[in-house]
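Dumped run_16.txt below, it's compact mmCIF, C-alpha atoms and all ligand atoms:
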```txt
# COMPACT_ATOMS: atom_id res chain seq x y z
CA MET A 1 0.00 0.00 0.00
CA ASP A 2 2.64 2.46 1.11
CA GLU A 3 4.52 1.99 -2.12
CA LYS A 4 1.99 3.93 -4.11
CA LYS A 5 3.51 7.00 -5.71
CA ILE A 6 2.47 10.38 -4.42
CA ILE A 7 0.73 12.76 -6.81
CA LEU A 8 0.08 16.35 -5.87
CA SER A 9 -1.57 19.18 -7.73
CA GLY A 10 -3.17 22.50 -6.99
CA ILE A 11 -5.64 24.77 -8.69
CA GLN A 12 -6.47 28.40 -8.11
CA PRO A 13 -10.07 29.10 -7.12
CA THR A 14 -10.40 32.21 -9.23
CA GLY A 15 -12.27 32.18 -12.53
CA VAL A 16 -14.54 29.58 -14.06
CA PHE A 17 -13.48 26.01 -14.75
CA THR A 18 -13.69 25.23 -18.42
CA LEU A 19 -14.24 22.01 -20.31
CA GLY A 20 -10.51 22.33 -21.05
CA ASN A 21 -9.61 22.31 -17.35
CA TYR A 22 -11.91 19.34 -16.85
CA ILE A 23 -10.64 17.19 -19.71
CA GLY A 24 -7.05 18.35 -19.41
CA ALA A 25 -6.71 18.06 -15.64
CA ILE A 26 -9.55 17.44 -13.19
CA LYS A 27 -10.98 14.38 -14.95
CA ASN A 28 -7.54 12.78 -14.68
CA TRP A 29 -7.20 13.77 -11.05
CA GLY A 30 -10.23 11.61 -10.39
CA LYS A 31 -8.83 8.67 -12.31
CA MET A 32 -5.43 8.88 -10.63
CA GLN A 33 -6.98 8.35 -7.20
CA GLU A 34 -7.15 4.64 -7.93
CA ASP A 35 -3.47 4.16 -8.64
CA TYR A 36 -1.72 6.79 -6.57
CA GLU A 37 -1.69 8.48 -3.22
CA CYS A 38 -3.18 11.80 -4.26
CA ALA A 39 -3.18 15.24 -2.67
CA TYR A 40 -5.18 18.01 -4.31
CA PHE A 41 -5.53 21.49 -2.99
CA ILE A 42 -6.96 24.90 -3.72
CA ALA A 43 -4.18 27.43 -4.11
CA ASP A 44 -5.93 30.40 -2.57
CA LEU A 45 -2.68 31.96 -1.32
CA HIS A 46 -1.42 32.06 -4.89
CA SER A 47 -4.58 33.88 -5.95
CA LEU A 48 -3.71 36.77 -3.65
CA THR A 49 -0.83 37.74 -5.93
CA VAL A 50 -3.46 39.44 -8.08
CA TYR A 51 -5.96 41.66 -6.25
CA GLN A 52 -9.09 39.71 -5.28
CA GLU A 53 -12.31 41.03 -3.86
CA PRO A 54 -12.29 39.40 -0.39
CA ALA A 55 -15.90 38.19 -0.22
CA LYS A 56 -15.70 36.89 -3.75
CA LEU A 57 -12.48 35.00 -3.12
CA ARG A 58 -14.04 33.33 -0.09
CA LYS A 59 -17.07 32.25 -2.09
CA GLN A 60 -14.96 31.06 -5.02
CA THR A 61 -12.85 28.96 -2.68
CA MET A 62 -15.91 27.22 -1.23
CA ASP A 63 -17.35 26.73 -4.73
CA CYS A 64 -14.08 25.38 -6.01
CA PHE A 65 -13.95 22.85 -3.19
CA ALA A 66 -17.52 21.74 -3.96
CA LEU A 67 -16.68 21.54 -7.64
CA LEU A 68 -13.69 19.27 -7.04
CA LEU A 69 -15.94 16.92 -5.10
CA ALA A 70 -18.55 17.11 -7.86
CA CYS A 71 -15.86 16.20 -10.39
CA GLY A 72 -15.19 12.99 -8.52
CA ILE A 73 -12.36 13.83 -6.16
CA ASP A 74 -13.22 11.57 -3.25
CA PRO A 75 -12.13 12.76 0.20
CA GLU A 76 -12.05 9.13 1.33
CA LYS A 77 -9.44 8.33 -1.27
CA SER A 78 -7.50 11.56 -1.65
CA LEU A 79 -6.25 14.30 0.56
CA ILE A 80 -8.13 17.43 -0.45
CA PHE A 81 -7.55 20.73 1.28
CA VAL A 82 -7.33 24.49 1.05
CA GLN A 83 -3.77 25.84 1.01
CA SER A 84 -4.33 28.75 3.41
CA THR A 85 -5.74 26.44 6.11
CA VAL A 86 -2.36 24.70 6.44
CA ASN A 87 0.30 27.02 7.80
CA THR A 88 3.28 24.83 6.90
CA HIS A 89 3.18 26.08 3.30
CA ALA A 90 3.99 29.69 4.09
CA GLN A 91 6.64 28.60 6.59
CA LEU A 92 8.52 26.34 4.23
CA SER A 93 8.18 28.97 1.56
CA TRP A 94 10.16 31.37 3.75
CA ILE A 95 12.92 28.85 4.32
CA LEU A 96 13.13 28.04 0.61
CA SER A 97 13.23 31.70 -0.34
CA ASN A 98 16.67 31.82 1.24
CA VAL A 99 18.07 29.29 -1.18
CA THR A 100 16.43 31.07 -4.12
CA GLN A 101 18.22 33.68 -6.15
CA PHE A 102 16.64 36.94 -7.21
CA GLY A 103 17.77 36.35 -10.77
CA GLU A 104 16.10 32.99 -11.18
CA LEU A 105 12.73 34.35 -10.07
CA GLY A 106 13.14 37.28 -12.43
CA ARG A 107 13.52 34.83 -15.32
CA MET A 108 10.14 33.16 -14.75
CA THR A 109 7.91 33.72 -17.78
CA GLN A 110 4.76 33.83 -15.70
CA PHE A 111 6.23 36.62 -13.58
CA LYS A 112 7.17 38.56 -16.68
CA ASP A 113 3.74 38.03 -18.27
CA LYS A 114 1.80 38.95 -15.16
CA SER A 115 3.97 42.01 -14.51
CA GLU A 116 3.15 43.22 -17.98
CA LYS A 117 -0.54 42.55 -17.45
CA HIS A 118 -0.70 44.27 -14.06
CA PRO A 119 1.99 46.98 -14.24
CA ASP A 120 0.43 48.79 -11.28
CA ASN A 121 0.68 45.77 -8.98
CA ILE A 122 4.02 44.03 -9.39
CA ASN A 123 4.06 42.89 -5.78
CA ALA A 124 6.56 40.73 -3.91
CA GLY A 125 4.06 37.85 -3.77
CA LEU A 126 3.93 37.74 -7.54
CA PHE A 127 7.70 37.57 -7.57
CA THR A 128 8.02 34.80 -4.96
CA TYR A 129 5.00 32.85 -6.28
CA PRO A 130 7.20 29.97 -7.51
CA VAL A 131 8.81 29.59 -4.07
CA LEU A 132 5.42 29.02 -2.45
CA MET A 133 4.60 26.57 -5.21
CA ALA A 134 7.85 24.72 -4.52
CA ALA A 135 6.89 24.54 -0.85
CA ASP A 136 3.45 23.13 -1.77
CA ILE A 137 5.07 20.35 -3.71
CA LEU A 138 8.09 19.53 -1.55
CA LEU A 139 6.16 19.43 1.75
CA TYR A 140 4.29 16.34 0.58
CA GLN A 141 7.33 14.57 -0.90
CA ALA A 142 5.42 14.34 -4.16
CA ASP A 143 6.76 11.96 -6.81
CA MET A 144 4.76 13.47 -9.62
CA VAL A 145 3.01 16.74 -10.29
CA PRO A 146 0.45 16.98 -13.07
CA VAL A 147 0.72 20.50 -14.46
CA GLY A 148 -0.12 22.24 -17.68
CA ALA A 149 2.51 23.64 -20.00
CA ASP A 150 2.30 27.05 -18.33
CA GLN A 151 3.50 25.62 -15.00
CA LYS A 152 6.38 23.49 -16.33
CA GLN A 153 8.94 26.18 -15.63
CA HIS A 154 7.77 26.43 -12.02
CA LEU A 155 8.16 22.70 -11.61
CA GLU A 156 11.66 22.86 -13.07
CA PHE A 157 12.40 25.63 -10.57
CA THR A 158 11.05 23.43 -7.76
CA ARG A 159 13.41 20.64 -8.76
CA ASN A 160 16.36 23.02 -8.79
CA ILE A 161 15.54 24.39 -5.35
CA ALA A 162 15.05 20.92 -3.91
CA GLU A 163 18.37 19.71 -5.30
CA ARG A 164 20.16 22.81 -4.05
CA PHE A 165 18.67 22.44 -0.57
CA ASN A 166 19.45 18.71 -0.45
CA SER A 167 23.04 19.21 -1.49
CA ARG A 168 23.60 22.04 0.97
CA TYR A 169 21.82 20.54 3.98
CA GLY A 170 21.51 16.82 3.24
CA GLN A 171 18.67 14.73 1.84
CA THR A 172 15.38 16.40 2.79
CA PHE A 173 13.11 16.63 -0.24
CA LYS A 174 12.09 14.17 -2.91
CA ILE A 175 12.74 15.53 -6.41
CA PRO A 176 9.36 15.65 -8.17
CA GLU A 177 8.77 14.71 -11.80
CA PRO A 178 6.27 16.42 -14.06
CA TYR A 179 3.33 14.19 -14.86
CA ILE A 180 2.45 14.35 -18.51
CA ALA A 181 -1.23 13.85 -19.16
CA GLU A 182 -2.36 11.45 -21.89
CA ALA A 183 -2.14 12.74 -25.42
CA GLY A 184 -5.20 14.42 -26.81
CA ALA A 185 -6.12 16.03 -23.53
CA ARG A 186 -5.55 19.51 -24.89
CA VAL A 187 -8.85 21.20 -25.64
CA MET A 188 -8.83 24.14 -28.03
CA SER A 189 -11.11 27.16 -28.32
CA LEU A 190 -14.36 26.45 -30.18
CA GLN A 191 -13.99 29.76 -31.98
CA ASP A 192 -10.29 29.64 -32.76
CA PRO A 193 -9.10 26.04 -32.70
CA LEU A 194 -5.47 27.14 -32.91
CA LYS A 195 -5.73 28.63 -29.43
CA LYS A 196 -6.07 26.71 -26.19
CA MET A 197 -9.57 26.85 -24.65
CA SER A 198 -9.37 29.55 -22.03
CA LYS A 199 -11.70 31.14 -19.55
CA SER A 200 -10.20 34.51 -20.39
CA ASP A 201 -11.27 34.27 -24.04
CA GLU A 202 -13.06 37.55 -24.92
CA ASN A 203 -15.50 35.48 -26.96
CA ALA A 204 -17.62 33.44 -24.53
CA ASN A 205 -18.52 31.10 -27.39
CA GLY A 206 -14.90 29.94 -27.43
CA PHE A 207 -15.10 28.12 -24.12
CA ILE A 208 -17.51 25.88 -22.23
CA SER A 209 -17.79 26.46 -18.52
CA ILE A 210 -18.11 23.24 -16.61
CA LEU A 211 -21.33 24.67 -15.13
CA ASP A 212 -22.93 25.84 -18.41
CA ASP A 213 -26.38 24.35 -18.87
CA GLU A 214 -27.38 22.07 -21.71
CA ASN A 215 -28.83 24.77 -23.99
CA VAL A 216 -25.79 26.97 -23.68
CA ILE A 217 -23.48 24.05 -24.38
CA ILE A 218 -25.40 22.90 -27.45
CA ASN A 219 -25.54 26.43 -28.81
CA LYS A 220 -21.82 26.96 -28.39
CA PHE A 221 -21.10 23.71 -30.22
CA LYS A 222 -23.48 24.63 -33.01
CA ARG A 223 -21.38 27.74 -33.54
CA ALA A 224 -18.05 25.94 -33.31
CA VAL A 225 -15.65 26.92 -36.07
CA THR A 226 -14.75 24.06 -38.44
CA ASP A 227 -13.55 24.28 -42.05
CA SER A 228 -14.95 24.49 -45.55
CA GLU A 229 -14.62 20.79 -46.31
CA ARG A 230 -17.17 18.12 -45.47
CA GLU A 231 -15.09 15.26 -44.14
CA ILE A 232 -15.13 14.33 -40.47
CA VAL A 233 -11.61 12.98 -40.16
CA PHE A 234 -8.67 13.81 -37.93
CA ARG A 235 -6.10 15.34 -40.22
CA GLU A 236 -3.49 18.06 -40.13
CA GLY A 237 -5.00 21.45 -40.91
CA LYS A 238 -8.50 20.44 -39.78
CA ASP A 239 -8.02 22.00 -36.35
CA GLY A 240 -11.69 22.60 -35.59
CA ILE A 241 -12.74 19.06 -36.51
CA ASN A 242 -9.70 17.60 -34.74
CA ASN A 243 -10.68 19.42 -31.57
CA LEU A 244 -14.28 18.19 -31.74
CA LEU A 245 -13.17 14.63 -32.44
CA THR A 246 -10.78 14.82 -29.49
CA ILE A 247 -13.46 16.06 -27.11
CA TYR A 248 -15.86 13.39 -28.34
CA SER A 249 -13.30 10.65 -28.03
CA VAL A 250 -12.13 11.61 -24.52
CA LEU A 251 -15.66 11.85 -23.17
CA THR A 252 -17.05 8.69 -24.80
CA GLY A 253 -13.92 6.58 -24.35
CA LYS A 254 -14.00 5.76 -28.07
CA THR A 255 -10.88 6.05 -30.18
CA ILE A 256 -10.61 8.84 -32.73
CA HIS A 257 -10.85 6.23 -35.43
CA GLU A 258 -14.07 4.79 -34.02
CA ALA A 259 -15.48 8.31 -33.88
CA GLU A 260 -14.49 8.95 -37.50
CA LEU A 261 -16.28 5.78 -38.59
CA GLU A 262 -19.35 6.66 -36.58
CA PHE A 263 -19.69 10.01 -38.36
CA GLU A 264 -18.67 8.89 -41.82
CA GLY A 265 -20.94 10.50 -44.40
CA LYS A 266 -22.64 12.74 -41.82
CA GLY A 267 -22.72 16.53 -42.06
CA TYR A 268 -20.82 18.92 -39.84
CA GLY A 269 -24.09 20.18 -38.35
CA ASP A 270 -25.08 16.75 -37.06
CA PHE A 271 -21.58 16.10 -35.84
CA LYS A 272 -21.39 19.34 -33.87
CA LEU A 273 -24.75 18.59 -32.28
CA ALA A 274 -23.64 15.11 -31.30
CA VAL A 275 -20.45 16.40 -29.67
CA GLY A 276 -22.41 19.12 -27.86
CA GLN A 277 -24.83 16.51 -26.57
CA VAL A 278 -22.05 14.28 -25.26
CA VAL A 279 -20.49 17.25 -23.49
CA ALA A 280 -23.82 18.32 -22.00
CA ASP A 281 -24.53 14.76 -20.83
CA SER A 282 -21.06 14.34 -19.35
CA LEU A 283 -21.22 17.59 -17.43
CA LYS A 284 -24.78 17.15 -16.16
CA PRO A 285 -23.94 14.94 -13.16
CA ILE A 286 -21.20 17.41 -12.19
CA ARG A 287 -23.59 20.34 -12.44
CA ASP A 288 -26.21 18.49 -10.38
CA ASP A 289 -23.73 17.41 -7.73
CA PHE A 290 -22.31 20.88 -7.53
CA ALA A 291 -25.77 22.39 -7.06
CA ARG A 292 -26.44 19.94 -4.23
CA LEU A 293 -23.04 20.18 -2.54
CA SER A 294 -22.67 23.93 -2.68
CA LYS A 295 -25.75 24.19 -0.45
CA GLU A 296 -24.26 21.87 2.17
CA LYS A 297 -22.07 24.46 3.82
CA THR A 298 -21.54 22.61 7.10
CA TYR A 299 -20.53 19.46 5.31
CA LEU A 300 -18.02 21.36 3.17
CA GLU A 301 -16.60 23.15 6.20
CA GLU A 302 -16.16 19.84 7.99
CA LEU A 303 -14.31 18.38 5.04
CA ILE A 304 -12.11 21.47 4.77
CA ALA A 305 -11.26 21.23 8.47
CA LYS A 306 -10.50 17.52 8.16
CA GLY A 307 -8.33 18.16 5.11
CA ALA A 308 -6.44 20.87 6.96
CA GLU A 309 -5.73 18.55 9.86
CA THR A 310 -4.41 15.71 7.72
CA ALA A 311 -2.44 18.01 5.44
CA TYR A 312 -0.84 19.61 8.48
CA LYS A 313 0.20 16.24 9.90
CA VAL A 314 1.72 15.07 6.65
CA SER A 315 3.43 18.32 5.69
CA ASN A 316 4.72 19.13 9.16
CA ARG A 317 6.98 16.08 9.01
CA THR A 318 8.84 17.63 6.12
CA LEU A 319 8.74 21.13 7.57
CA SER A 320 10.22 19.96 10.92
CA LYS A 321 12.99 18.18 9.09
CA ALA A 322 13.78 21.24 6.96
CA LYS A 323 13.78 23.50 10.01
CA ARG A 324 16.18 21.21 11.83
CA LYS A 325 18.49 20.99 8.81
CA VAL A 326 18.86 24.74 8.45
CA GLY A 327 19.55 25.23 12.15
CA LEU A 328 16.26 26.46 13.55
CA ILE A 329 15.65 25.22 17.09
N1 LIG A 401 0.39 27.68 -9.92
C1 LIG A 401 -0.58 26.67 -10.25
C2 LIG A 401 -1.54 27.21 -11.31
O1 LIG A 401 -1.83 28.39 -11.32
C3 LIG A 401 -1.37 26.25 -9.05
C4 LIG A 401 -0.48 25.63 -8.05
C5 LIG A 401 -0.06 26.17 -6.88
C6 LIG A 401 0.09 24.31 -8.12
N2 LIG A 401 0.74 25.28 -6.21
C7 LIG A 401 0.85 24.16 -6.95
C8 LIG A 401 0.04 23.28 -9.06
C9 LIG A 401 1.57 22.98 -6.69
C10 LIG A 401 0.74 22.13 -8.81
C11 LIG A 401 1.51 21.98 -7.63
O2 LIG A 401 -2.02 26.45 -12.11
```
Translate the structure described by the file into structure tokens.
Amino acid sequence: MDEKKIILSGIQPTGVFTLGNYIGAIKNWGKMQEDYECAYFIADLHSLTVYQEPAKLRKQTMDCFALLLACGIDPEKSLIFVQSTVNTHAQLSWILSNVTQFGELGRMTQFKDKSEKHPDNINAGLFTYPVLMAADILLYQADMVPVGADQKQHLEFTRNIAERFNSRYGQTFKIPEPYIAEAGARVMSLQDPLKKMSKSDENANGFISILDDENVIINKFKRAVTDSEREIVFREGKDGINNLLTIYSVLTGKTIHEAELEFEGKGYGDFKLAVGQVVADSLKPIRDDFARLSKEKTYLEELIAKGAETAYKVSNRTLSKAKRKVGLI
């Protein structure tokens, strides 16, 4: 039992979850619970690096927790918690910041991008964001961290910091590996299939929110951009069709080839409707569960408290060790 590998991942509670987040990440989080020891958390401390309306952040954090449960993260199988309820993260982050160089943080692409986006709020938290992320990961001695392409550099940074700390102070942290999701898990915008599906798309027709209702979903798929041909096949250059086939295949469990055969000779209109229907049907149980769970405030609070307790126990082992190694009493 104890030989199961440890998987850890975090998600910020701000902004809507899209079909892309679901297919690309959260759906797999659920599946991984069977084969690994999993820890999933809501990175609310990281969200503070961009100004958040306090009441809204609190609500989004509760909703995000309910949504993870609705997506199949099972608190009996996985450790699920809210980052700010476990004080070891900020503590280890401080220790790690002393083995981090100014220059390496300045080279982080996310820091550069976000500084450009929010030139009036280039705060120290934004700068040290990757150090807190390294603490998140190293505290749990994670073997693997599923992250999207945008977080790869932060994971590489985490590995560097861990190696540096270990070589200076002796073996303390496991060096985590990135976990590469299965191929085909990248969902593109419905309006511009060359771009990744994103909640910050100006065109709301480009993305599906995990909580969109059936009509909205079907309508967005009806409007999905395809091409001027008539063949439903996965082929280079047919980005719109490729995206729809991918979504269909991931959600039905059929191969791309099976999907191609199923739609052979059919029109794009029928195909788009069929994909929309599969998406609506797949998301319905999540939407229903979310509606139910988000009303059960006491239950959610209990789970959050339980998660905090367990996460503290697990992470404090690593924190105590790190404190001892650097000479804190
Ligand atoms: N920075 C990640 C994101 O925005 C969220 C995150 C915080 C995370 N800590 C983490 C992901 C630790 C994986 C592991 O997507």
Give the residue list for ligand LIG 401 (chain A) at 10 Å, counting all atoms listed in the file, as a PyMOL selection string, sorted by chain and then by residue number.
chain A and resi 7-14+39-47+83+89+110+129-138+142+144-152+154-155+158+178
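Each of A:Gly15, A:Ala224, A:Ala311, A:Lys195 was compared to Leu57 in chain A using all atoms listed in the file, and A:Gly15 turns out to be the nearest.
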Contacts of Lys222 in chain A at 12 Å or less, counting only C-alpha atoms, minus same-chain residues fewer than 2 places along, as a PDB file with C-alpha atoms, in the coordinates of the input?
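Result file is part_8.pdb:
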```pdb
ATOM      1  CA  LEU A 190     -14.360  26.450 -30.180  1.00  0.00           C
ATOM      2  CA  GLN A 191     -13.990  29.760 -31.980  1.00  0.00           C
ATOM      3  CA  ASN A 205     -18.520  31.100 -27.390  1.00  0.00           C
ATOM      4  CA  GLY A 206     -14.900  29.940 -27.430  1.00  0.00           C
ATOM      5  CA  ASN A 215     -28.830  24.770 -23.990  1.00  0.00           C
ATOM      6  CA  VAL A 216     -25.790  26.970 -23.680  1.00  0.00           C
ATOM      7  CA  ILE A 217     -23.480  24.050 -24.380  1.00  0.00           C
ATOM      8  CA  ILE A 218     -25.400  22.900 -27.450  1.00  0.00           C
ATOM      9  CA  ASN A 219     -25.540  26.430 -28.810  1.00  0.00           C
ATOM     10  CA  LYS A 220     -21.820  26.960 -28.390  1.00  0.00           C
ATOM     11  CA  ALA A 224     -18.050  25.940 -33.310  1.00  0.00           C
ATOM     12  CA  VAL A 225     -15.650  26.920 -36.070  1.00  0.00           C
ATOM     13  CA  THR A 226     -14.750  24.060 -38.440  1.00  0.00           C
ATOM     14  CA  LEU A 244     -14.280  18.190 -31.740  1.00  0.00           C
ATOM     15  CA  TYR A 268     -20.820  18.920 -39.840  1.00  0.00           C
ATOM     16  CA  GLY A 269     -24.090  20.180 -38.350  1.00  0.00           C
ATOM     17  CA  ASP A 270     -25.080  16.750 -37.060  1.00  0.00           C
ATOM     18  CA  PHE A 271     -21.580  16.100 -35.840  1.00  0.00           C
ATOM     19  CA  LYS A 272     -21.390  19.340 -33.870  1.00  0.00           C
ATOM     20  CA  LEU A 273     -24.750  18.590 -32.280  1.00  0.00           C
ATOM     21  CA  ALA A 274     -23.640  15.110 -31.300  1.00  0.00           C
ATOM     22  CA  VAL A 275     -20.450  16.400 -29.670  1.00  0.00           C
ATOM     23  CA  GLY A 276     -22.410  19.120 -27.860  1.00  0.00           C
ATOM     24  CA  GLN A 277     -24.830  16.510 -26.570  1.00  0.00           C
TER      25      GLN A 277
END
```
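Residues lying within 8 Å of Gln153 in chain A, counting only C-alpha atoms and ignoring same-chain neighbours fewer than 3 positions away, are Met108, Thr109, Asp150, Glu156 and Phe157 of chain A.
Going from CA of Val82 in chain A to CA of Asn123 in chain A covers 22.7 Å.
Among A:Leu67, A:Gln171, A:Glu116, A:Val50, the residue with the shortest atom-to-atom distance to Arg292 in chain A, counting only C-alpha atoms, is A:Leu67.
Of note, CA of Lys174 in chain A and CA of Asp35 in chain A are spaced 19.4 Å apart.
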Counting all atoms listed in the file, closest pick from A:Asp201, A:Asp143, A:Ser115, A:Lys59 relative to Glu37 in chain A is A:Asp143
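All residues of protein, DNA or RNA that reach within 12 Å of Tyr299 in chain A, judged by all atoms listed in the file and not counting those fewer than 4 positions away in the chain, are Met62, Phe65, Ala66, Leu69, Pro75, Arg292, Leu293, Ser294, Lys295, Leu303, Ile304, Ala305 and Lys306 of chain A.
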Output C-alpha atoms for every residue in the selection just made, as a tab-separated table (two decimals), keeping the file's coordinate frame.
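Just written: selection.tsv:
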```tsv
chain	number	residue	atom	x	y	z
A	62	MET	CA	-15.91	27.22	-1.23
A	65	PHE	CA	-13.95	22.85	-3.19
A	66	ALA	CA	-17.52	21.74	-3.96
A	69	LEU	CA	-15.94	16.92	-5.10
A	75	PRO	CA	-12.13	12.76	0.20
A	292	ARG	CA	-26.44	19.94	-4.23
A	293	LEU	CA	-23.04	20.18	-2.54
A	294	SER	CA	-22.67	23.93	-2.68
A	295	LYS	CA	-25.75	24.19	-0.45
A	303	LEU	CA	-14.31	18.38	5.04
A	304	ILE	CA	-12.11	21.47	4.77
A	305	ALA	CA	-11.26	21.23	8.47
A	306	LYS	CA	-10.50	17.52	8.16
```
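With only C-alpha atoms as the atoms that count, the residue of A:Phe102, A:Trp94, A:Phe207, A:Phe234 with the shortest distance to Thr246 in chain A is A:Phe234.
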Nearest residue to Leu245 in chain A from the set A:Glu231, A:Glu309, A:Asp289, A:Glu260 (distances using only C-alpha atoms)
A:Glu260
Please list, as a VMD selection string, the residues that have an atom at most 9 Å away from (-18.7, 9.3, -35.5) in the coordinates of this file, counting only C-alpha atoms.
chain A and resid 232 245 248 256 to 264 266 271 274
Between CA of Glu302 in chain A and CA of Gly72 in chain A, what is the distance, to one decimal in Å?
17.9 Å
All residues 12 Å or closer to Ile95 in chain A, all atoms listed in the file, same chain fewer than 5 positions away omitted, as an NGL selection string:
:A and (88-90 or 100 or 131-132 or 134-135 or 139 or 161-162 or 165 or 319-328)
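Excluding Gly30 in chain A and any residue on its chain fewer than 4 positions from it, the residues at most 10 Å away by all atoms listed in the file are Ala25, Ile26, Glu34, Cys38, Leu68, Leu69, Cys71, Gly72, Ile73, Asp74, Lys77 and Ser78 of chain A.
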Just need the box for range 159-175 of chain A, edges along x, y and z, holding every atom the file lists for it with 5 Å tacked onto each side, so centre and edge lengths in Å to one decimal, as lines of an AutoDock Vina configuration file.
```
center_x = 17.8
center_y = 19.3
center_z = -2.4
size_x = 21.5
size_y = 20.2
size_z = 22.8
```
Give the answer as one residue: which of A:Asn98, A:Asn121, A:Ser282, A:Thr298 has the shortest atom-to-atom distance to Thr252 in chain A, using all atoms listed in the file?
A:Ser282
Output as a PDB file, in the frame of the given file: range 214-228 of chain A, completed with N, CA, C and O atoms.
```pdb
ATOM      1  N   GLU A 214     -27.305  22.810 -20.447  1.00  0.00           N
ATOM      2  CA  GLU A 214     -27.380  22.070 -21.710  1.00  0.00           C
ATOM      3  C   GLU A 214     -27.589  22.974 -22.927  1.00  0.00           C
ATOM      4  O   GLU A 214     -26.885  22.843 -23.927  1.00  0.00           O
ATOM      5  N   ASN A 215     -28.549  23.915 -22.836  1.00  0.00           N
ATOM      6  CA  ASN A 215     -28.830  24.770 -23.990  1.00  0.00           C
ATOM      7  C   ASN A 215     -27.628  25.586 -24.401  1.00  0.00           C
ATOM      8  O   ASN A 215     -27.324  25.732 -25.591  1.00  0.00           O
ATOM      9  N   VAL A 216     -26.972  26.152 -23.403  1.00  0.00           N
ATOM     10  CA  VAL A 216     -25.790  26.970 -23.680  1.00  0.00           C
ATOM     11  C   VAL A 216     -24.717  26.121 -24.355  1.00  0.00           C
ATOM     12  O   VAL A 216     -24.110  26.518 -25.356  1.00  0.00           O
ATOM     13  N   ILE A 217     -24.517  24.935 -23.828  1.00  0.00           N
ATOM     14  CA  ILE A 217     -23.480  24.050 -24.380  1.00  0.00           C
ATOM     15  C   ILE A 217     -23.791  23.715 -25.844  1.00  0.00           C
ATOM     16  O   ILE A 217     -22.950  23.864 -26.732  1.00  0.00           O
ATOM     17  N   ILE A 218     -25.030  23.281 -26.089  1.00  0.00           N
ATOM     18  CA  ILE A 218     -25.400  22.900 -27.450  1.00  0.00           C
ATOM     19  C   ILE A 218     -25.224  24.091 -28.405  1.00  0.00           C
ATOM     20  O   ILE A 218     -24.678  23.946 -29.498  1.00  0.00           O
ATOM     21  N   ASN A 219     -25.674  25.260 -27.943  1.00  0.00           N
ATOM     22  CA  ASN A 219     -25.540  26.430 -28.810  1.00  0.00           C
ATOM     23  C   ASN A 219     -24.099  26.780 -29.124  1.00  0.00           C
ATOM     24  O   ASN A 219     -23.769  27.151 -30.254  1.00  0.00           O
ATOM     25  N   LYS A 220     -23.229  26.661 -28.138  1.00  0.00           N
ATOM     26  CA  LYS A 220     -21.820  26.960 -28.390  1.00  0.00           C
ATOM     27  C   LYS A 220     -21.221  25.958 -29.386  1.00  0.00           C
ATOM     28  O   LYS A 220     -20.422  26.323 -30.232  1.00  0.00           O
ATOM     29  N   PHE A 221     -21.621  24.695 -29.266  1.00  0.00           N
ATOM     30  CA  PHE A 221     -21.100  23.710 -30.220  1.00  0.00           C
ATOM     31  C   PHE A 221     -21.655  23.920 -31.614  1.00  0.00           C
ATOM     32  O   PHE A 221     -20.955  23.727 -32.603  1.00  0.00           O
ATOM     33  N   LYS A 222     -22.911  24.341 -31.688  1.00  0.00           N
ATOM     34  CA  LYS A 222     -23.480  24.630 -33.010  1.00  0.00           C
ATOM     35  C   LYS A 222     -22.671  25.699 -33.727  1.00  0.00           C
ATOM     36  O   LYS A 222     -22.555  25.707 -34.938  1.00  0.00           O
ATOM     37  N   ARG A 223     -22.137  26.641 -32.952  1.00  0.00           N
ATOM     38  CA  ARG A 223     -21.380  27.740 -33.540  1.00  0.00           C
ATOM     39  C   ARG A 223     -19.896  27.434 -33.693  1.00  0.00           C
ATOM     40  O   ARG A 223     -19.129  28.295 -34.122  1.00  0.00           O
ATOM     41  N   ALA A 224     -19.485  26.246 -33.282  1.00  0.00           N
ATOM     42  CA  ALA A 224     -18.050  25.940 -33.310  1.00  0.00           C
ATOM     43  C   ALA A 224     -17.483  26.105 -34.718  1.00  0.00           C
ATOM     44  O   ALA A 224     -18.116  25.714 -35.704  1.00  0.00           O
ATOM     45  N   VAL A 225     -16.308  26.690 -34.786  1.00  0.00           N
ATOM     46  CA  VAL A 225     -15.650  26.920 -36.070  1.00  0.00           C
ATOM     47  C   VAL A 225     -15.048  25.611 -36.588  1.00  0.00           C
ATOM     48  O   VAL A 225     -14.381  24.884 -35.851  1.00  0.00           O
ATOM     49  N   THR A 226     -15.325  25.290 -37.858  1.00  0.00           N
ATOM     50  CA  THR A 226     -14.750  24.060 -38.440  1.00  0.00           C
ATOM     51  C   THR A 226     -13.920  24.429 -39.669  1.00  0.00           C
ATOM     52  O   THR A 226     -12.966  25.172 -39.540  1.00  0.00           O
ATOM     53  N   ASP A 227     -14.278  23.913 -40.832  1.00  0.00           N
ATOM     54  CA  ASP A 227     -13.550  24.280 -42.050  1.00  0.00           C
ATOM     55  C   ASP A 227     -14.516  24.178 -43.210  1.00  0.00           C
ATOM     56  O   ASP A 227     -15.683  23.845 -43.025  1.00  0.00           O
ATOM     57  N   SER A 228     -14.024  24.436 -44.415  1.00  0.00           N
ATOM     58  CA  SER A 228     -14.950  24.490 -45.550  1.00  0.00           C
ATOM     59  C   SER A 228     -15.072  23.149 -46.263  1.00  0.00           C
ATOM     60  O   SER A 228     -15.696  23.059 -47.317  1.00  0.00           O
TER      61      SER A 228
END
```
